[in-house]
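The file run36.cif contains mmCIF, C-alpha atoms:
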data_model
loop_
_atom_site.label_atom_id
_atom_site.label_comp_id
_atom_site.auth_asym_id
_atom_site.auth_seq_id
_atom_site.Cartn_x
_atom_site.Cartn_y
_atom_site.Cartn_z
CA MET A 106 12.85 -9.54 25.18
CA ASN A 107 11.18 -6.51 26.61
CA GLU A 108 7.80 -5.20 25.69
CA ASP A 109 9.01 -2.29 23.58
CA GLU A 110 11.13 -4.53 21.41
CA SER A 111 8.40 -7.05 20.81
CA THR A 112 5.98 -4.30 19.93
CA ALA A 113 8.50 -2.89 17.50
CA GLN A 114 8.78 -6.29 15.82
CA PHE A 115 5.05 -6.52 15.41
CA GLU A 116 4.83 -3.00 14.09
CA GLN A 117 7.50 -3.77 11.57
CA ALA A 118 5.58 -6.72 10.17
CA ILE A 119 1.96 -5.64 10.28
CA LEU A 120 1.90 -1.87 10.23
CA PRO A 121 3.13 -1.50 6.65
CA HIS A 122 0.08 -3.46 5.50
CA LEU A 123 -2.52 -2.07 7.86
CA ASP A 124 -3.62 0.64 5.47
CA ALA A 125 -4.00 -1.96 2.71
CA ALA A 126 -6.03 -4.13 5.08
CA TYR A 127 -8.26 -1.25 6.11
CA ASN A 128 -8.66 0.02 2.55
CA LEU A 129 -9.86 -3.39 1.37
CA ALA A 130 -12.25 -3.72 4.31
CA ARG A 131 -13.49 -0.16 3.83
CA TRP A 132 -14.36 -0.72 0.19
CA LEU A 133 -15.95 -4.08 0.91
CA THR A 134 -18.08 -3.03 3.88
CA GLY A 135 -18.74 0.45 2.56
CA ASN A 136 -18.29 2.24 5.87
CA ASP A 137 -15.67 3.03 8.48
CA GLN A 138 -17.08 1.32 11.56
CA ASP A 139 -17.69 -2.04 9.92
CA ALA A 140 -14.29 -1.82 8.24
CA GLN A 141 -12.65 -1.24 11.62
CA ASP A 142 -14.49 -4.22 13.09
CA VAL A 143 -13.34 -6.44 10.23
CA VAL A 144 -9.71 -5.32 10.41
CA GLN A 145 -9.70 -5.65 14.19
CA ASP A 146 -11.05 -9.16 13.99
CA ALA A 147 -8.68 -10.01 11.15
CA SER A 148 -5.68 -8.75 13.12
CA LEU A 149 -6.61 -10.99 16.03
CA ARG A 150 -6.75 -13.91 13.66
CA ALA A 151 -3.43 -12.88 12.15
CA LEU A 152 -1.86 -12.97 15.60
CA LYS A 153 -3.42 -16.31 16.32
CA PHE A 154 -2.42 -17.99 13.09
CA PHE A 155 0.97 -16.43 12.75
CA GLY A 156 2.65 -19.72 13.63
CA GLY A 157 1.26 -21.10 10.37
CA PHE A 158 2.72 -18.31 8.25
CA ARG A 159 5.72 -19.68 6.38
CA GLY A 160 7.15 -16.36 5.32
CA GLY A 161 6.84 -14.83 1.88
CA ASN A 162 4.31 -12.21 0.95
CA SER A 163 3.03 -10.86 4.26
CA ARG A 164 0.73 -8.33 2.59
CA ALA A 165 -1.10 -11.02 0.62
CA TRP A 166 -1.20 -13.13 3.76
CA LEU A 167 -2.84 -10.35 5.79
CA LEU A 168 -5.22 -9.39 2.97
CA THR A 169 -6.32 -13.02 2.69
CA ILE A 170 -7.25 -13.01 6.36
CA VAL A 171 -9.04 -9.68 6.01
CA ARG A 172 -11.00 -10.99 3.05
CA ASN A 173 -12.02 -14.20 4.80
CA THR A 174 -12.98 -12.27 7.91
CA PHE A 175 -15.07 -9.98 5.76
CA TYR A 176 -16.99 -12.86 4.20
CA ASN A 177 -17.75 -14.29 7.64
CA TRP A 178 -18.94 -10.86 8.70
CA LEU A 179 -21.04 -10.54 5.53
CA GLU A 180 -22.79 -13.86 6.07
CA LYS A 181 -23.63 -12.86 9.61
CA ASN A 182 -24.63 -9.26 8.98
CA ARG A 183 -25.77 -8.94 5.38
CA PRO A 184 -26.57 -12.46 4.18
CA ARG A 185 -28.47 -11.14 1.19
CA GLU A 186 -25.34 -9.62 -0.28
CA VAL A 187 -23.55 -12.95 -0.37
CA SER A 188 -23.78 -13.99 -3.96
CA THR A 189 -21.92 -16.42 -6.07
CA ALA A 190 -20.46 -14.89 -9.15
CA GLY A 191 -20.95 -17.26 -12.03
CA ASP A 192 -17.50 -17.63 -13.48
CA GLU A 193 -18.45 -18.16 -17.05
CA GLU A 194 -15.77 -18.33 -19.65
CA LEU A 195 -14.40 -15.10 -21.01
CA GLN A 196 -15.34 -16.16 -24.54
CA THR A 197 -19.05 -15.85 -23.80
CA MET A 198 -18.66 -12.22 -22.87
CA GLU A 199 -20.27 -9.91 -25.27
CA ASP A 200 -18.33 -7.05 -26.64
CA PRO A 201 -18.71 -3.98 -24.41
CA SER A 202 -20.03 -1.34 -26.73
CA VAL A 203 -19.75 1.88 -24.80
CA ASP A 204 -19.76 5.39 -26.14
CA PRO A 205 -16.11 6.48 -25.73
CA ALA A 206 -16.94 10.18 -25.49
CA LEU A 207 -19.57 9.55 -22.83
CA LEU A 208 -17.23 7.26 -20.91
CA LEU A 209 -14.53 9.89 -20.99
CA ALA A 210 -16.93 12.57 -19.77
CA ARG A 211 -18.39 10.47 -16.95
CA SER A 212 -14.98 9.25 -15.88
CA SER A 213 -14.06 12.74 -14.78
CA ASN A 214 -16.97 12.75 -12.34
CA ILE A 215 -15.37 11.57 -9.13
CA GLU A 216 -18.62 10.78 -7.35
CA ALA A 217 -19.93 8.81 -10.32
CA VAL A 218 -16.78 6.68 -10.44
CA ARG A 219 -16.86 6.02 -6.70
CA SER A 220 -20.48 5.05 -6.64
CA ALA A 221 -20.02 2.82 -9.69
CA ILE A 222 -17.35 0.87 -7.80
CA ALA A 223 -19.56 0.73 -4.72
CA GLU A 224 -22.39 -0.70 -6.85
CA LEU A 225 -20.34 -3.67 -8.05
CA PRO A 226 -21.12 -7.04 -6.46
CA VAL A 227 -18.58 -7.76 -3.71
CA GLU A 228 -16.71 -10.46 -5.59
CA PHE A 229 -16.08 -8.01 -8.43
CA ARG A 230 -15.43 -5.08 -6.13
CA GLU A 231 -12.70 -6.92 -4.23
CA ILE A 232 -10.88 -7.76 -7.46
CA VAL A 233 -11.04 -4.15 -8.64
CA VAL A 234 -9.81 -2.79 -5.30
CA LEU A 235 -6.98 -5.31 -5.11
CA ARG A 236 -5.93 -4.63 -8.69
CA GLU A 237 -6.46 -0.90 -9.13
CA LEU A 238 -5.91 0.46 -5.62
CA GLU A 239 -3.58 -2.06 -4.03
CA GLU A 240 -1.86 -2.78 -7.35
CA CYS A 241 -1.71 -6.49 -6.60
CA SER A 242 -0.49 -8.82 -9.32
CA TYR A 243 -2.91 -11.38 -10.74
CA LYS A 244 -1.02 -14.02 -8.76
CA GLU A 245 -1.49 -12.11 -5.50
CA ILE A 246 -5.18 -11.57 -6.22
CA SER A 247 -5.51 -15.26 -6.96
CA ASP A 248 -3.92 -16.06 -3.58
CA VAL A 249 -5.98 -13.52 -1.65
CA ALA A 250 -9.32 -14.39 -3.25
CA GLY A 251 -8.59 -18.11 -3.33
CA VAL A 252 -9.51 -18.52 -6.99
CA PRO A 253 -7.44 -19.53 -10.04
CA ILE A 254 -5.74 -16.80 -12.08
CA GLY A 255 -8.13 -17.50 -14.96
CA THR A 256 -11.02 -16.62 -12.69
CA VAL A 257 -9.25 -13.45 -11.55
CA MET A 258 -8.92 -12.44 -15.19
CA SER A 259 -12.52 -13.15 -16.09
CA ARG A 260 -13.85 -11.38 -12.99
CA LEU A 261 -11.65 -8.39 -13.67
CA ALA A 262 -12.87 -8.22 -17.26
CA ARG A 263 -16.49 -8.48 -16.18
CA ALA A 264 -16.05 -5.98 -13.36
CA ARG A 265 -14.57 -3.44 -15.75
CA LYS A 266 -17.29 -4.07 -18.27
CA GLN A 267 -19.90 -3.45 -15.58
CA LEU A 268 -18.14 -0.29 -14.46
CA GLN A 269 -18.14 1.05 -17.99
CA GLU A 270 -21.80 0.19 -18.35
CA ILE A 271 -22.78 1.77 -15.03
CA LEU A 272 -20.84 4.91 -15.87
CA THR A 273 -22.34 5.33 -19.32
CA SER A 274 -25.90 4.14 -18.67
CA LYS A 275 -26.96 6.47 -15.90
CA PRO A 276 -28.23 9.95 -16.52
CA GLU A 277 -25.83 12.66 -15.47
CA THR A 278 -26.29 13.29 -11.78
CA GLY A 279 -24.24 16.41 -11.43
CA GLY A 280 -21.77 14.76 -9.12
CA ARG A 281 -24.25 13.54 -6.50
CA PRO A 282 -25.45 9.97 -6.69
CA MET B 125 -5.85 -13.87 -33.55
CA ASN B 126 -9.33 -12.55 -33.97
CA CYS B 127 -10.80 -9.54 -32.20
CA GLN B 128 -12.45 -11.55 -29.42
CA GLU B 129 -9.16 -13.24 -28.58
CA ILE B 130 -7.38 -9.89 -28.60
CA LYS B 131 -10.04 -8.33 -26.39
CA ASN B 132 -9.54 -11.12 -23.88
CA LEU B 133 -5.86 -10.17 -23.75
CA LEU B 134 -6.40 -6.43 -23.42
CA HIS B 135 -6.91 -6.53 -19.65
CA ALA B 136 -3.71 -8.46 -19.02
CA TYR B 137 -1.98 -6.16 -21.51
CA SER B 138 -3.11 -2.99 -19.76
CA ASP B 139 -2.25 -4.48 -16.36
CA GLY B 140 1.28 -5.35 -17.41
CA GLU B 141 0.57 -9.03 -16.93
CA LEU B 142 0.95 -10.17 -20.53
CA ASP B 143 4.11 -11.87 -21.77
CA ALA B 144 6.22 -10.31 -24.50
CA ALA B 145 4.77 -12.44 -27.28
CA GLY B 146 1.24 -11.56 -26.23
CA CYS B 147 2.10 -7.85 -26.07
CA LEU B 148 3.46 -8.02 -29.60
CA GLU B 149 0.25 -9.68 -30.82
CA VAL B 150 -1.86 -7.00 -29.17
CA GLU B 151 0.24 -4.12 -30.43
CA ARG B 152 0.29 -5.50 -33.96
CA HIS B 153 -3.45 -6.04 -33.93
CA ILE B 154 -4.51 -2.63 -32.63
CA GLN B 155 -2.52 -0.90 -35.34
CA THR B 156 -4.98 -2.16 -37.88
CA CYS B 157 -8.14 -2.61 -35.81
CA PRO B 158 -9.90 0.56 -34.67
CA GLY B 159 -12.44 -1.42 -32.62
CA CYS B 160 -9.84 -3.09 -30.43
CA LYS B 161 -7.84 0.11 -30.23
CA GLN B 162 -10.93 1.88 -28.91
CA ALA B 163 -11.56 -0.92 -26.40
CA LEU B 164 -8.01 -0.49 -25.11
CA GLU B 165 -8.48 3.27 -24.84
CA ASN B 166 -11.74 2.80 -22.94
CA LEU B 167 -9.91 0.50 -20.58
CA SER B 168 -7.19 3.01 -19.86
CA VAL B 169 -9.77 5.78 -19.39
CA LEU B 170 -11.48 3.59 -16.80
CA LYS B 171 -8.25 2.65 -15.07
CA SER B 172 -7.09 6.22 -14.73
CA ALA B 173 -10.57 7.31 -13.61
CA ILE B 174 -10.41 4.79 -10.76
CA ALA B 175 -6.90 5.85 -9.87
CA THR B 176 -8.02 9.48 -9.72
CA ALA B 177 -11.43 9.12 -8.12
CA ALA B 178 -11.17 6.21 -5.72
CA PRO B 179 -9.38 7.01 -2.48
CA ARG B 180 -7.08 4.54 -0.76
CA PHE B 181 -8.51 4.71 2.71
CA LYS B 182 -6.00 5.03 5.49
CA ALA B 183 -6.36 3.01 8.66
CA PRO B 184 -7.61 5.30 11.43
CA THR B 185 -5.09 6.05 14.16
CA ASN B 186 -7.23 4.51 16.90
CA LEU B 187 -7.41 1.24 14.97
CA ARG B 188 -3.66 1.23 14.49
CA HIS B 189 -3.08 1.95 18.15
CA GLY B 190 -5.58 -0.68 19.22
CA ILE B 191 -3.84 -3.36 17.21
CA LEU B 192 -0.47 -2.35 18.60
CA ALA B 193 -1.87 -2.35 22.12
CA ALA B 194 -3.26 -5.83 21.63
CA ALA B 195 0.07 -7.09 20.34
CA ARG B 196 1.88 -5.52 23.26
CA GLN B 197 -0.48 -7.11 25.70
CA ALA B 198 -0.28 -10.46 23.95
CA ALA B 199 3.50 -10.30 24.01
CA ALA B 200 3.63 -9.55 27.72
CA THR B 201 3.08 -13.17 28.66
CA GLU B 202 4.15 -12.65 32.25
CA GLN B 203 1.12 -10.56 33.07
CA PRO B 204 -1.39 -11.50 30.42
CA ARG B 205 -4.36 -10.08 32.29
CA ALA B 206 -2.77 -6.99 33.77
CA THR B 207 -4.53 -4.44 31.63
CA ARG B 208 -7.12 -4.58 28.93
CA PRO B 209 -6.51 -1.70 26.61
CA TRP B 210 -9.07 -0.89 23.96
CA GLN B 211 -11.84 -3.36 23.17
CA TRP B 212 -9.81 -6.52 22.66
CA ASN B 213 -11.79 -8.48 25.17
CA THR B 214 -11.25 -11.76 23.44
CA LEU B 215 -7.55 -11.84 24.22
CA ASN B 216 -6.56 -14.99 25.99
CA ALA B 217 -3.57 -17.04 26.90
CA GLY B 218 -3.59 -18.88 23.58
CA LEU B 219 -3.30 -15.59 21.80
CA ALA B 220 -0.46 -14.56 24.03
CA MET B 221 1.38 -17.74 23.15
CA ALA B 222 0.77 -17.25 19.46
CA ALA B 223 2.14 -13.74 19.77
CA SER B 224 5.29 -14.91 21.48
CA VAL B 225 5.86 -17.43 18.69
CA MET B 226 5.42 -14.62 16.21
CA VAL B 227 7.78 -12.32 18.05
CA GLY B 228 10.40 -15.06 18.03
CA PHE B 229 9.98 -15.34 14.31
CA PHE B 230 10.70 -11.67 13.77
CA ILE B 231 13.73 -11.75 15.98
CA ALA B 232 15.06 -14.54 13.80
CA LEU B 233 14.45 -12.34 10.78
CA GLN B 234 16.62 -9.53 12.00
CA MET B 235 20.25 -9.87 11.16
CA ASN B 236 21.61 -8.33 14.28
CA PRO B 237 19.05 -7.35 16.84
CA ARG B 238 21.58 -6.00 19.30
CA GLU B 239 22.92 -3.49 16.85
CA ASN B 240 19.45 -2.44 15.78
CA LYS B 241 18.22 -2.07 19.28
CA ALA B 242 17.79 1.65 19.63
CA LEU B 243 17.13 2.26 15.94
CA PRO B 244 13.63 3.14 14.79
CA ILE B 245 13.85 0.72 11.85
CA GLY B 246 10.22 -0.31 11.90
CA GLU B 247 9.08 3.25 12.33
CA LEU B 248 11.15 4.41 9.37
CA ALA B 249 9.87 1.67 7.09
CA SER B 250 6.33 2.34 8.26
CA ALA B 251 6.67 6.08 7.76
CA HIS B 252 7.92 5.43 4.23
CA VAL B 253 5.03 3.11 3.46
CA ARG B 254 2.49 5.44 5.03
CA SER B 255 3.78 8.38 3.04
CA LEU B 256 3.15 6.47 -0.18
CA LEU B 257 -0.21 5.03 0.83
CA ALA B 258 -1.85 8.04 2.30
CA THR B 259 -1.36 10.47 -0.57
CA HIS B 260 0.52 12.44 2.02
CA LEU B 261 3.88 12.06 0.42
CA MET B 262 4.69 15.75 0.45
CA ASP B 263 3.59 18.88 2.26
CA VAL B 264 5.69 21.08 0.04
CA VAL B 265 5.86 19.99 -3.56
CA SER B 266 8.80 21.49 -5.33
CA THR B 267 11.85 20.43 -7.23
CA ASP B 268 13.61 23.57 -6.07
CA GLN B 269 15.82 23.15 -3.02
CA HIS B 270 15.51 26.89 -2.38
CA THR B 271 11.76 26.46 -1.96
CA VAL B 272 11.89 23.29 0.08
CA LYS B 273 14.56 24.38 2.54
CA PRO B 274 12.83 27.59 3.72
CA TRP B 275 9.55 25.68 4.02
CA PHE B 276 11.03 23.82 7.01
CA ASP B 277 11.85 27.14 8.73
CA GLY B 278 9.81 27.53 11.86
CA LYS B 279 8.50 23.98 11.64
CA LEU B 280 11.60 22.27 12.99
CA ASP B 281 14.17 23.06 15.64
CA PHE B 282 16.92 22.42 13.13
CA ALA B 283 17.66 23.27 9.52
CA PRO B 284 17.98 20.14 7.42
CA PRO B 285 20.37 20.25 4.47
CA VAL B 286 18.30 20.16 1.27
CA ASN B 287 19.95 19.33 -2.04
CA ASP B 288 18.47 18.67 -5.41
CA LEU B 289 20.23 15.72 -7.01
CA ALA B 290 18.46 16.02 -10.38
CA ALA B 291 21.76 16.40 -12.19
CA LYS B 292 22.73 13.02 -10.80
CA GLY B 293 19.46 11.31 -11.70
CA TYR B 294 17.61 11.76 -8.42
CA PRO B 295 15.38 14.83 -8.70
CA LEU B 296 14.00 16.31 -5.52
CA ALA B 297 10.21 16.03 -5.46
CA GLY B 298 9.37 17.78 -2.20
CA GLY B 299 9.38 17.50 1.55
CA ARG B 300 7.19 17.04 4.58
CA LEU B 301 7.32 16.71 8.33
CA ASP B 302 7.21 13.25 9.84
CA TYR B 303 7.38 11.82 13.31
CA ILE B 304 10.06 9.25 14.11
CA GLY B 305 11.37 8.02 17.43
CA GLY B 306 9.39 10.53 19.44
CA ARG B 307 10.48 13.64 17.56
CA THR B 308 9.53 15.64 14.52
CA VAL B 309 11.90 15.03 11.65
CA ALA B 310 12.39 16.33 8.14
CA ALA B 311 11.47 13.99 5.31
CA LEU B 312 12.76 14.85 1.85
CA VAL B 313 11.25 13.03 -1.07
CA TYR B 314 13.29 12.10 -4.13
CA LYS B 315 12.09 10.32 -7.18
CA LYS B 316 13.85 8.01 -9.57
CA GLU B 317 11.74 6.57 -12.34
CA LYS B 318 8.80 5.00 -10.49
CA HIS B 319 10.56 4.72 -7.15
CA PHE B 320 10.29 7.17 -4.32
CA ILE B 321 12.99 7.69 -1.75
CA ASN B 322 12.19 9.15 1.65
CA LEU B 323 15.24 10.78 3.20
CA PHE B 324 14.62 11.29 6.91
CA ILE B 325 16.83 13.79 8.71
CA TRP B 326 17.13 14.78 12.34
CA PRO B 327 19.86 16.21 14.54
CA SER B 328 22.07 13.81 16.41
CA SER B 329 25.61 13.19 17.41
CA GLY B 330 25.92 9.73 15.91
CA SER B 331 29.27 8.24 15.05
CA GLN B 332 30.41 9.32 11.65
CA GLY B 333 31.80 7.39 8.77
CA THR B 334 29.82 4.19 8.91
CA TRP B 335 27.04 3.07 6.59
CA ARG B 336 24.33 0.99 8.09
CA ARG B 337 22.17 -1.03 5.70
CA ILE B 338 19.02 -2.86 6.70
CA SER B 339 16.22 -4.47 4.77
CA VAL B 340 12.66 -4.64 6.12
CA ASN B 341 9.75 -6.22 4.28
CA GLY B 342 11.32 -5.56 0.91
CA TYR B 343 12.25 -1.98 1.75
CA ASN B 344 15.87 -0.99 1.94
CA LEU B 345 17.16 1.42 4.56
CA ILE B 346 20.53 3.10 4.60
CA ASN B 347 21.80 5.22 7.46
CA TRP B 348 24.72 7.61 7.74
CA ASN B 349 25.67 10.44 10.02
CA THR B 350 27.33 13.81 9.74
CA PRO B 351 28.67 15.55 12.84
CA ASP B 352 25.26 17.19 13.36
CA MET B 353 22.67 15.08 11.65
CA THR B 354 21.42 11.55 11.24
CA PHE B 355 20.20 10.50 7.79
CA TRP B 356 18.05 7.55 6.83
CA ALA B 357 17.20 6.84 3.20
CA VAL B 358 14.27 4.45 2.73
CA SER B 359 13.02 3.08 -0.57
CA ASP B 360 11.85 0.02 -2.42
CA MET B 361 14.59 0.53 -5.00
CA ASN B 362 17.44 -1.96 -5.06
CA PRO B 363 20.19 -1.64 -2.44
CA GLY B 364 22.86 -0.74 -5.01
CA ASP B 365 20.94 2.24 -6.38
CA LEU B 366 19.94 3.37 -2.92
CA GLN B 367 23.58 3.25 -1.85
CA GLU B 368 24.49 5.38 -4.88
CA PHE B 369 21.82 7.87 -3.87
CA ALA B 370 23.03 7.87 -0.26
CA GLU B 371 26.62 8.58 -1.29
CA MET B 372 25.60 11.44 -3.60
CA SER B 373 23.37 12.85 -0.94
CA ARG B 374 26.11 12.73 1.68
CA ASP B 375 28.65 14.30 -0.66
CA ALA B 376 26.24 17.10 -1.62
CA ALA B 377 25.21 17.99 1.91
CA GLU B 378 26.46 21.16 3.43
CA PRO B 379 26.46 20.93 7.19
CA GLY B 380 23.06 21.39 8.76
CA GLU B 381 22.57 23.71 11.70
CA ARG B 382 20.99 23.21 15.03
CA LYS B 383 18.96 26.09 16.29
#
Could you render the structure from this file as structure tokens?
Amino acid sequence: MNEDESTAQFEQAILPHLDAAYNLARWLTGNDQDAQDVVQDASLRALKFFGGFRGGNSRAWLLTIVRNTFYNWLEKNRPREVSTAGDEELQTMEDPSVDPALLLARSSNIEAVRSAIAELPVEFREIVVLRELEECSYKEISDVAGVPIGTVMSRLARARKQLQEILTSKPETGGRP
Amino acid sequence: MNCQEIKNLLHAYSDGELDAAGCLEVERHIQTCPGCKQALENLSVLKSAIATAAPRFKAPTNLRHGILAAARQAAATEQPRATRPWQWNTLNAGLAMAASVMVGFFIALQMNPRENKALPIGELASAHVRSLLATHLMDVVSTDQHTVKPWFDGKLDFAPPVNDLAAKGYPLAGGRLDYIGGRTVAALVYKKEKHFINLFIWPSSGSQGTWRRISVNGYNLINWNTPDMTFWAVSDMNPGDLQEFAEMSRDAAEPGERK
């Protein structure tokens, strides 16, 4: 096979998911350069481990590698951000009592919504990005994050509760955090 | 079910992950419980706020190119150290071997590599995916073929046939320029329910009368030719519907013109 053909094959498999990979890394690292480093590193690993890929969902497969690469990067570069989300049972969650009118008003503030997501702990942020931006199913998120579906559900519920609280607790900033 | 149990289900309900019985429970409950109804509304406010406010970042071009360059280098096992494009200094022979295994895998995936040889299949699928990811689906947003067609004037060296198929269930949503196989092409965007179809058009003298159907990563591609133009329809909708679209599109097309 010549070079052009092999490159076309690779492009066909990875390129469709490269934006998803970068988007996840960009939201997790919070900036472009670190996101590029993570995706670059993850792509190398993807090449290396491709022999172990048994087909199926190639997007989830690539996102899993991106996520794992990110956590290695995080431990090395920002060890203080590595936290362990306590996965308490959903039942112990208190009822989110937010002011609906305030939530509605703040939700239209693009900057406020973005910075609220950025403020979430990484293990919540990744679930929100995978669910709301990548539109992954719970099963896919469970595969990518390596946690049971029950944990996906409880993290998602807690992440959304936190988002609602962040949005409604802060004083209005006029669009600039 | 009590309110706490219902509230635990609301997330799965709003994410479309709840089974039919659960959905019924939730819907029955919120009819009589203003608290849970409000919680569901708050949830949908939040979800749409995220969808509106949070961008899906697009991979920068240099990153994309770097990854392709690395793959190309890894695949060229004969001269693994010939050039070192970009900053992939960690490339080594092991990587090259892994890449050749991978490449073999993809060849096995393709039904008929010889036939697909000169076809920009991967590019088409990628362009379709990119158009959906990058909020760059359309440069001209209009359901009116008489708005979309003139928009291409002066931007292309040919005039693509533009037809609204709304009467047949596939309304035109708009158009944009795209870049496939080393040339600028027209991309028309059609919508059916939640599915988008990209119809790529460029001038060619391909052989007429044959349909070519290919599936890549869950996307379906259908190709046909008129005497002047090559057409590729790309979508995630099922092959049967896409074929129906392709046939209507072909039947509706007046001949395009080269300039």
(request) Take the PyMOL selection byres ((chain B and resi 335) around 10), apply it to the structure above, and return the hits as a PyMOL selection string. (result) chain B and resi 332-334+336-338+346-349+367+370-371
(message) With distances taken over all atoms listed in the file, which residue among B:Ala357, B:Ile154, B:Val313, B:Leu170 lies nearest chain A?
(response) B:Leu170
(request) Report as a PyMOL selection string the residues that result from applying the PyMOL selection byres ((chain B and resi 317) around 12) to the structure here. (result) chain B and resi 290+293-295+297+314-316+318-321+360-361+365
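Residues matching the PyMOL selection byres ((chain B and resi 341) around 9) in this structure come to Gln117, Ala118, Pro121, Asn162 and Ser163 of chain A; Ala249, Ser339, Val340, Gly342, Tyr343 and Asn344 of chain B.
Between CA of Val234 (chain A) and CA of Arg260 (chain A) there is a distance of 12.2 Å.
Across B:Ala194, B:Asp288, B:Lys171, B:Tyr137, the tightest approach to Met372 (chain B) is made by B:Asp288 when counting all atoms listed in the file.
With distances taken over all atoms listed in the file, B:Val169 is the one residue among B:Val169, B:Val265, B:Ala183, B:Ala376 lying closest to Arg265 (chain A).
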